[in-house]
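Below is one structure, written out as structure tokens; comments come after it.
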Amino acid sequence: MGESVDGKKEDADYKRLQSFPLIRHTDMPEEMRVETMELCVTACEKFASNNESAAKMIKECMDKKFGSSWHVVIGEGFGFEVSHEVRNLLYMFFGGSLAVCVWKCS
């Protein structure tokens with residue numbers, strides 16, 4: 001029975017670690033980066049089973065706050081290459097394997 005309790009504790013610790021957002025790459029200013037990261041976490045938690053709705057929420061909020069032409073991709077197991085405005089890119093992971101890429105084009 002002791003192993004089962006330890007196993008549950010390890011699972012809980014793993015989930016807690018994996019729910020912390022991990023920034024893979026960004027060139028955003030600090031204030032924009034923090035706001036964007038918090039927005040991404042909120043959207044991914046609110047729409048945990050619907051990446052399209054989460055992406056739409058992020059895009060609409062970014063367009064309102066920082067001007068139009070923001071793009072958002074959310075998912076697992078994808079590669080990308082984008083052209084973006086300087087200081088307007090954020091690539092992060094949330095929940096372990098869910099990637100979020102947010103960028104602005106002119």
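As shown in the structure tokens, the chain order sets the letters A, B, ...; within each chain, residues go from 1, and ligands are also counted from 1 in the order they appear.
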**Study point:** Contacts of Lys104 of chain A within 10 Å, only C-alpha atoms, excl. fewer than 5 positions in-chain, as a PyMOL selection string
**Key:** chain A and resi 59+62-63+66-72+82-90
Exercise for review: Within chain A, find each residue whose DSSP state, derived from the backbone, is strand (DSSP E or B), and express the selection as JSON, numbers by chain.
Suggested key: {"A": [22, 23, 24, 25, 26, 70, 71, 72, 73, 74, 75, 89, 90, 91, 92, 93, 94, 98, 99, 100, 101, 102, 103, 104]}
Check your understanding: With distances taken over only C-alpha atoms, which of A:Val102, A:Leu39, A:Ile74, A:Met32 is nearest to Ser53 of chain A?
Key -> A:Ile74
Point to revise | DSSP alpha helix (DSSP H) selection over segment 53-84 of chain A, as a list in words | key: Ser53, Ala54, Ala55, Lys56, Met57, Ile58, Lys59, Glu60, Cys61, Met62, Asp63, Lys64, Lys65 and Phe66 of chain A
Go ahead and dump the residues you just picked, N, CA, C and O atoms, as a JSON list (two decimals), in the first residue's frame.
[["chain", "number", "residue", "atom", "x", "y", "z"],
["A", 53, "SER", "N", -10.53, 27.08, -29.84],
["A", 53, "SER", "CA", -11.14, 28.15, -29.04],
["A", 53, "SER", "C", -10.08, 28.89, -28.21],
["A", 53, "SER", "O", -10.14, 30.11, -28.06],
["A", 54, "ALA", "N", -9.11, 28.15, -27.68],
["A", 54, "ALA", "CA", -8.03, 28.77, -26.92],
["A", 54, "ALA", "C", -7.22, 29.71, -27.82],
["A", 54, "ALA", "O", -6.91, 30.84, -27.43],
["A", 55, "ALA", "N", -6.90, 29.25, -29.03],
["A", 55, "ALA", "CA", -6.14, 30.07, -29.97],
["A", 55, "ALA", "C", -6.93, 31.33, -30.35],
["A", 55, "ALA", "O", -6.37, 32.43, -30.43],
["A", 56, "LYS", "N", -8.23, 31.18, -30.56],
["A", 56, "LYS", "CA", -9.08, 32.32, -30.91],
["A", 56, "LYS", "C", -9.10, 33.34, -29.78],
["A", 56, "LYS", "O", -9.00, 34.55, -30.02],
["A", 57, "MET", "N", -9.22, 32.87, -28.54],
["A", 57, "MET", "CA", -9.23, 33.77, -27.39],
["A", 57, "MET", "C", -7.91, 34.55, -27.30],
["A", 57, "MET", "O", -7.90, 35.76, -27.10],
["A", 58, "ILE", "N", -6.79, 33.85, -27.46],
["A", 58, "ILE", "CA", -5.47, 34.48, -27.39],
["A", 58, "ILE", "C", -5.33, 35.53, -28.49],
["A", 58, "ILE", "O", -4.93, 36.67, -28.25],
["A", 59, "LYS", "N", -5.67, 35.15, -29.72],
["A", 59, "LYS", "CA", -5.54, 36.07, -30.86],
["A", 59, "LYS", "C", -6.38, 37.32, -30.65],
["A", 59, "LYS", "O", -5.90, 38.44, -30.85],
["A", 60, "GLU", "N", -7.64, 37.16, -30.25],
["A", 60, "GLU", "CA", -8.52, 38.32, -30.07],
["A", 60, "GLU", "C", -8.01, 39.25, -28.97],
["A", 60, "GLU", "O", -8.02, 40.47, -29.13],
["A", 61, "CYS", "N", -7.52, 38.68, -27.88],
["A", 61, "CYS", "CA", -6.98, 39.50, -26.79],
["A", 61, "CYS", "C", -5.70, 40.22, -27.21],
["A", 61, "CYS", "O", -5.51, 41.41, -26.89],
["A", 62, "MET", "N", -4.83, 39.53, -27.94],
["A", 62, "MET", "CA", -3.58, 40.15, -28.39],
["A", 62, "MET", "C", -3.86, 41.26, -29.40],
["A", 62, "MET", "O", -3.23, 42.31, -29.36],
["A", 63, "ASP", "N", -4.83, 41.04, -30.31],
["A", 63, "ASP", "CA", -5.20, 42.07, -31.28],
["A", 63, "ASP", "C", -5.70, 43.33, -30.58],
["A", 63, "ASP", "O", -5.36, 44.44, -30.97],
["A", 64, "LYS", "N", -6.51, 43.14, -29.55],
["A", 64, "LYS", "CA", -7.06, 44.29, -28.81],
["A", 64, "LYS", "C", -5.97, 45.02, -28.03],
["A", 64, "LYS", "O", -5.92, 46.25, -28.02],
["A", 65, "LYS", "N", -5.11, 44.27, -27.38],
["A", 65, "LYS", "CA", -4.11, 44.86, -26.48],
["A", 65, "LYS", "C", -2.90, 45.44, -27.21],
["A", 65, "LYS", "O", -2.41, 46.50, -26.87],
["A", 66, "PHE", "N", -2.43, 44.73, -28.26],
["A", 66, "PHE", "CA", -1.17, 45.10, -28.91],
["A", 66, "PHE", "C", -1.32, 45.41, -30.40],
["A", 66, "PHE", "O", -0.33, 45.44, -31.12]]
Review point. Of the candidates A:Ala48, A:Asp27, A:Phe80, A:Gly75, which one gets nearest to Val100 of chain A if we count only C-alpha atoms?
Key: A:Gly75
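Shortest separation to Asn50 of chain A among A:Pro21, A:Glu81, A:Leu98, A:Thr36 occurs at residue A:Leu98, atoms counted being only C-alpha atoms.
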